[in-house]
Amino acid sequence: MSEPVSTPDDDQPLLIADGLSKNYGRLAACRDVSFSLYPGEVLAIVGESGSGKSTLLQLLSAQLAPSAGRVSYRMRDGVLRDLASLGEAERRFLFRTDWGYVHQDPAQGLRMAVSAGANVGERLMAVGWNHYGRIRDTATTWLDRVEIDVGRIDDAPKTYSGGMRQRLQIARNLVTEPRLVFMDEPTGGLDVSVQARLLDLMRNLVSELDLAAIVVTHDLAVARLLSHRVMVMKGGRVIETGLTDQVLDDPREPYTQLLVSSILPP
Amino acid sequence: MNAPSYNFAYLDEQTKRMIRRAILKAIAIPGYQVPFASREMPMPYGWGTGGVQVTAAILGPDDILKVIDQGSDDTTNAISIRKFFGKTAGVATTTLTMEATVIQTRHRIPEAPLHEGQVLVYQVPIPEPLRFLEPRETETRRMHALAEYGLMHVKLYEDIARFGHIATSYAYPVKVNARYVMDPSPTPKFDNPKMDNCAALQLFGAGREKRIYAIPPYTTVVSLDFEDHPFKPYRFDAPCALCGAENSYLDEIVTDDKGGRMFVCSDTDYCEQRQAEGHRGRESAAPHKERAHV
Amino acid sequence: MTAMIEISNAAKTFTMHLQGGVELPVVSGVSFHVEPGECVVLSGPSGAGKSSILKMIFGNYRCGTGRIDIRHQGKVIDLASAEPRQVLSVRRATVGYVSQFLRAVPRVPTIDVVAEPLIAGGTPRTEAHDKAGALLRRLNIPGRLWRLPPSTFSGGEQQRVNIARGFVSDLPILLLDEPTASLDAANRAVVVELIGEKKRRGVAMVAIVHDDEIRHLIADRIVDVTSFAAAA
């Protein structure tokens, strides 16, 4: 276990969203969103379907160009860069190295017909790893870390259960030790019992690796367990933001109160 | 025989110019797949329509043409293409590798070293090496553009994970001029080293997929591999039964239904040359004996 | 200030939007301070706002007005106006909170639940587990249960796991919300002992205790919350 060193870098945001908006014709899917994300910080974006949270995630991860505003990201060299100014090659490189993206449907984030080992190893090979033994060892370590039986390393994820697939997707994303992971409803398609295990795993990995994460979820329990901070979205706008337990235990806005009061007691 | 009713080498001059432009671009960007307006040819796709169009575009009246199919000059495909150009272009044809100026090939590179001034034209069924792992053409093009070739190693990784070694034995991916990853057409990987720093110009035509690519003379061509699983060319561990060659690519020929078999050079011209020079294999006379049974 | 906590004129009002925007004042004019090594017990009837005050000091409830100054890493931070990151930093290094109910991820083993605050603060895993185990043993949670998630435990056991988790790290401020509510006499005595040890190490504490006997044992000072009752 490495000592957590409080470097001055921690005081500098990793990602800054500034006045982000996205319009589809007359429809404003996302309106004037601004915030800063710091290293190691987990931010949950909550709201109902159609609230604009998925659009926001795509804007933040540079998969969608904003109609207005911008997203800046602090590269590994410490320089803050406007994502729109990155070339496609740089953006894709960022996606393979310093970023992860966990899809709700693992089939979108995995190569379903390729073995688990190769799924995890792909990002390493993409950044030039050229030693089969080392790639395989690293893949083995990661499968173990996400609690997948390493005896299944040569099986394709199409033979895996939903929970295993999602854990494999996480391993595939984390193998290059990214600093920021985007997650889109990471527990969305899973059984409740499987969700709990996955959440616990994600929580531990996020804190052990000091990962920053932006998690889109409609499930307030997921937000409570995973995130430090939460943004509540409605109609494309951020209507309330703050510490997760503050927003969930002491919601201020009418809509947030409605969301919180709609949870069934455990 | 009424050759004058065809334009020289079958294709009209406009089409040839279009194809030549594609070829020039391909030579300028070694390993890059250049789209071209592939024409209907009087033969079905899969029978070498891409190679035939490239050959038609580069052929001149003084050229000497050799056509091989799996190394052999006398299989149906080789004979019909040779006859096609004999009829439509009236060019001289040969089976001698050394003598030919243009060699159209399916699935082999001749054993005899090629020399400057020769052109080797490959028939290509599927030009995209990334296709089987990434089916989206938009995505594979982008991957080529950005030289993102990690996926190619995923294929090799899968081989090792499954078989303990890189089991891909043909269409083995190569990197051309340290830039583009290229499918060398379904030649056996035994032939891959011959592409590297080759004195002849190598042109690849894919008719159905409408792509042309090229390796200019003396270009580096590296077979992809892992540090701990380096590229190894493969051949059957036997001498040729007819000419005794120890270093040629061999075909396995089943001789009876009791498991009898023999290995002979796949390159028929090379084998015949050696036999003419007096080299002999273990069963040089075997085919004749068999004929006696009939 | 020498105090660890200095609250001045803090107020909290809930606005219940789902009930037609009803304003529900909880407390107002809250002012008191807590010195290092001192345990202040909040008293007052149920509903007087004792728990709300604790939650305000933890940053769990937002303040409407006033200041909640906390001495954090040599500086004073006003939690009423602090950024979320600052509140998190305060919770990591300065203020611990023992709630009435244990809130844990369903399948996490007890030992990890207890050790987590230490590990989050950078203590090596094995050392954190050793400390967590020692505390669980003192609170009479047998070792065979440590690998099980606390959700399978009885109410009293869960409460003790919760106390262990709250007491395991060396934070200079502890907030205790009915730490002995569902405990038997033996375990209540252990908690009183633990509070005593924290005091000797200079930890400032704010507690809510209904049991008069326990209150008498741990309180250095009693703050009557009824005086903060908001004028409704």
# chains A, B, ... in the order shown; residues from 1 in each chain; ligands from 1

call {"tool": "interface_residues", "arguments": {"of": "chain A", "to": "chain B", "cutoff": "12 Å", "atoms": "only C-alpha atoms", "output": "PyMOL selection string"}}
result
chain A and resi 87-93+96+110-136+139+152-156

call {"tool": "select_by_dssp", "arguments": {"residues": "segment 101-248 of chain A", "states": "alpha helix (DSSP H)", "output": "CSV table (one decimal) with C-alpha atoms, in the first residue's frame"}}
result
chain,number,residue,atom,x,y,z
A,106,PRO,CA,-20.7,-4.5,-21.2
A,107,ALA,CA,-21.1,-5.7,-24.8
A,108,GLN,CA,-20.4,-2.1,-25.9
A,109,GLY,CA,-17.2,-1.9,-24.0
A,116,ALA,CA,-10.9,-12.1,-21.4
A,117,GLY,CA,-7.1,-11.9,-21.3
A,118,ALA,CA,-6.9,-10.2,-24.7
A,119,ASN,CA,-9.8,-7.9,-23.7
A,120,VAL,CA,-7.7,-6.7,-20.7
A,121,GLY,CA,-4.4,-6.8,-22.7
A,122,GLU,CA,-5.7,-4.8,-25.6
A,123,ARG,CA,-5.0,-1.4,-24.0
A,124,LEU,CA,-1.5,-2.4,-23.1
A,125,MET,CA,-0.8,-3.6,-26.6
A,126,ALA,CA,-2.3,-0.4,-27.9
A,132,TYR,CA,3.2,-11.7,-24.5
A,133,GLY,CA,4.2,-13.1,-21.0
A,134,ARG,CA,4.1,-9.7,-19.4
A,135,ILE,CA,0.8,-8.8,-21.0
A,136,ARG,CA,-0.7,-12.1,-19.8
A,137,ASP,CA,0.7,-11.6,-16.3
A,138,THR,CA,-0.8,-8.2,-16.0
A,139,ALA,CA,-4.1,-9.4,-17.3
A,140,THR,CA,-4.1,-12.2,-14.8
A,141,THR,CA,-3.4,-9.8,-11.9
A,142,TRP,CA,-6.3,-7.6,-13.0
A,143,LEU,CA,-8.8,-10.5,-13.4
A,144,ASP,CA,-7.9,-11.5,-9.9
A,145,ARG,CA,-8.3,-7.9,-8.7
A,162,GLY,CA,-23.6,-10.2,-16.6
A,163,GLY,CA,-21.8,-9.3,-13.4
A,164,MET,CA,-18.6,-10.9,-14.6
A,165,ARG,CA,-18.8,-9.0,-17.9
A,166,GLN,CA,-19.1,-5.8,-16.0
A,167,ARG,CA,-16.1,-6.6,-13.8
A,168,LEU,CA,-14.1,-7.5,-16.9
A,169,GLN,CA,-15.0,-4.2,-18.5
A,170,ILE,CA,-13.7,-2.5,-15.4
A,171,ALA,CA,-10.5,-4.4,-15.5
A,172,ARG,CA,-10.1,-3.6,-19.2
A,173,ASN,CA,-10.4,0.1,-18.4
A,174,LEU,CA,-8.2,0.2,-15.4
A,192,VAL,CA,-29.5,-6.5,-7.0
A,193,SER,CA,-27.2,-9.0,-5.4
A,194,VAL,CA,-24.7,-8.6,-8.2
A,195,GLN,CA,-25.0,-4.9,-8.0
A,196,ALA,CA,-23.9,-4.8,-4.3
A,197,ARG,CA,-20.7,-6.8,-5.1
A,198,LEU,CA,-19.9,-4.6,-8.1
A,199,LEU,CA,-20.4,-1.4,-6.1
A,200,ASP,CA,-18.2,-2.6,-3.3
A,201,LEU,CA,-15.5,-3.6,-5.8
A,202,MET,CA,-15.7,-0.2,-7.6
A,203,ARG,CA,-15.6,1.7,-4.3
A,204,ASN,CA,-12.4,-0.1,-3.3
A,205,LEU,CA,-10.7,0.3,-6.6
A,206,VAL,CA,-11.5,3.9,-6.8
A,207,SER,CA,-10.0,4.6,-3.4
A,208,GLU,CA,-7.0,2.3,-3.8
A,220,LEU,CA,-29.5,7.3,-5.6
A,221,ALA,CA,-28.2,4.3,-3.7
A,222,VAL,CA,-25.3,4.0,-6.2
A,223,ALA,CA,-24.6,7.7,-5.8
A,224,ARG,CA,-24.5,7.4,-2.0
A,225,LEU,CA,-22.2,4.4,-2.0
A,226,LEU,CA,-19.8,5.5,-4.7
A,244,THR,CA,-23.5,13.4,-1.6
A,245,ASP,CA,-24.8,12.8,1.9
A,246,GLN,CA,-25.7,16.5,2.2
A,247,VAL,CA,-27.8,16.5,-0.9
A,248,LEU,CA,-29.4,13.2,-0.1

call {"tool": "select_by_dssp", "arguments": {"residues": "segment 57-204 of chain A", "states": "strand (DSSP E or B)", "output": "CSV table (one decimal) with N, CA and C atoms, in the first residue's frame"}}
result
chain,number,residue,atom,x,y,z
A,68,ALA,N,-22.1,25.1,-26.8
A,68,ALA,CA,-21.4,26.3,-26.2
A,68,ALA,C,-20.7,25.8,-25.0
A,69,GLY,N,-19.7,26.5,-24.5
A,69,GLY,CA,-18.9,26.2,-23.4
A,69,GLY,C,-17.8,25.2,-23.7
A,70,ARG,N,-17.0,24.8,-22.7
A,70,ARG,CA,-15.9,23.9,-23.0
A,70,ARG,C,-15.5,23.1,-21.8
A,71,VAL,N,-14.7,22.0,-22.2
A,71,VAL,CA,-14.2,21.1,-21.1
A,71,VAL,C,-12.7,21.2,-21.2
A,72,SER,N,-12.1,21.4,-20.1
A,72,SER,CA,-10.6,21.4,-20.0
A,72,SER,C,-10.1,20.2,-19.2
A,73,TYR,N,-9.0,19.6,-19.6
A,73,TYR,CA,-8.5,18.5,-18.8
A,73,TYR,C,-7.0,18.7,-18.6
A,74,ARG,N,-6.6,18.3,-17.3
A,74,ARG,CA,-5.2,18.4,-17.0
A,74,ARG,C,-4.5,17.2,-17.5
A,80,LEU,N,-3.2,22.1,-18.6
A,80,LEU,CA,-4.6,22.1,-18.8
A,80,LEU,C,-4.9,22.4,-20.2
A,81,ARG,N,-5.7,21.4,-20.9
A,81,ARG,CA,-5.9,21.6,-22.3
A,81,ARG,C,-7.4,21.6,-22.6
A,82,ASP,N,-7.8,22.4,-23.5
A,82,ASP,CA,-9.2,22.4,-23.9
A,82,ASP,C,-9.4,21.2,-24.8
A,99,TRP,N,-7.9,7.8,-19.5
A,99,TRP,CA,-9.3,7.7,-19.3
A,99,TRP,C,-9.8,6.3,-19.3
A,100,GLY,N,-10.9,6.1,-18.6
A,100,GLY,CA,-11.6,4.8,-18.8
A,100,GLY,C,-13.1,5.2,-19.1
A,101,TYR,N,-13.8,4.3,-19.8
A,101,TYR,CA,-15.2,4.5,-20.0
A,101,TYR,C,-16.0,3.2,-19.8
A,102,VAL,N,-16.8,3.1,-18.7
A,102,VAL,CA,-17.5,1.9,-18.4
A,102,VAL,C,-18.9,2.1,-18.9
A,180,LEU,N,-8.9,9.1,-14.7
A,180,LEU,CA,-10.3,9.5,-14.7
A,180,LEU,C,-11.1,8.4,-15.4
A,181,VAL,N,-12.2,8.0,-14.8
A,181,VAL,CA,-13.1,7.0,-15.4
A,181,VAL,C,-14.5,7.6,-15.5
A,182,PHE,N,-15.1,7.4,-16.7
A,182,PHE,CA,-16.5,7.8,-16.9
A,182,PHE,C,-17.3,6.5,-16.7
A,183,MET,N,-18.4,6.6,-16.0
A,183,MET,CA,-19.3,5.4,-15.9
A,183,MET,C,-20.7,5.8,-16.2
A,184,ASP,N,-21.3,5.0,-17.1
A,184,ASP,CA,-22.7,5.3,-17.5
A,184,ASP,C,-23.6,4.2,-16.9

call {"tool": "residues_around", "arguments": {"residues": "Arg179 of chain A", "least_positions_apart": "3", "cutoff": "6 Å", "atoms": "only C-alpha atoms", "output": "ChimeraX atom specification"}}
result
/A:98,211-212

call {"tool": "closest_atom_pairs", "arguments": {"of": "segment 158-179 of chain C", "to": "segment 36-57 of chain C", "cutoff": "9 Å", "atoms": "only C-alpha atoms", "output": "CSV"}}
result
residue,atom,partner,partner_atom,distance
C:Pro172,CA,C:Pro36,CA,7.7
C:Ile173,CA,C:Pro36,CA,8.2
C:Leu175,CA,C:Leu54,CA,6.5
C:Leu176,CA,C:Leu54,CA,8.0
C:Asp177,CA,C:Ser51,CA,6.8

call {"tool": "write_last_selection", "arguments": {"atoms": "N, CA and C atoms", "output": "PDB file, in the first residue's frame"}}
result
ATOM      1  N   PRO C 172      -9.308  14.362  15.939  1.00  0.00           N
ATOM      2  CA  PRO C 172      -9.366  15.256  17.110  1.00  0.00           C
ATOM      3  C   PRO C 172     -10.785  15.670  17.524  1.00  0.00           C
ATOM      4  N   ILE C 173     -11.775  15.368  16.683  1.00  0.00           N
ATOM      5  CA  ILE C 173     -13.156  15.686  17.073  1.00  0.00           C
ATOM      6  C   ILE C 173     -14.031  14.465  16.809  1.00  0.00           C
ATOM      7  N   LEU C 175     -18.157  13.080  17.065  1.00  0.00           N
ATOM      8  CA  LEU C 175     -19.570  13.379  17.307  1.00  0.00           C
ATOM      9  C   LEU C 175     -20.281  12.058  17.570  1.00  0.00           C
ATOM     10  N   LEU C 176     -20.971  11.966  18.732  1.00  0.00           N
ATOM     11  CA  LEU C 176     -21.562  10.691  19.124  1.00  0.00           C
ATOM     12  C   LEU C 176     -23.073  10.838  19.252  1.00  0.00           C
ATOM     13  N   ASP C 177     -23.802  10.125  18.405  1.00  0.00           N
ATOM     14  CA  ASP C 177     -25.265  10.195  18.455  1.00  0.00           C
ATOM     15  C   ASP C 177     -25.786   8.929  19.114  1.00  0.00           C
TER      16      ASP C 177
END
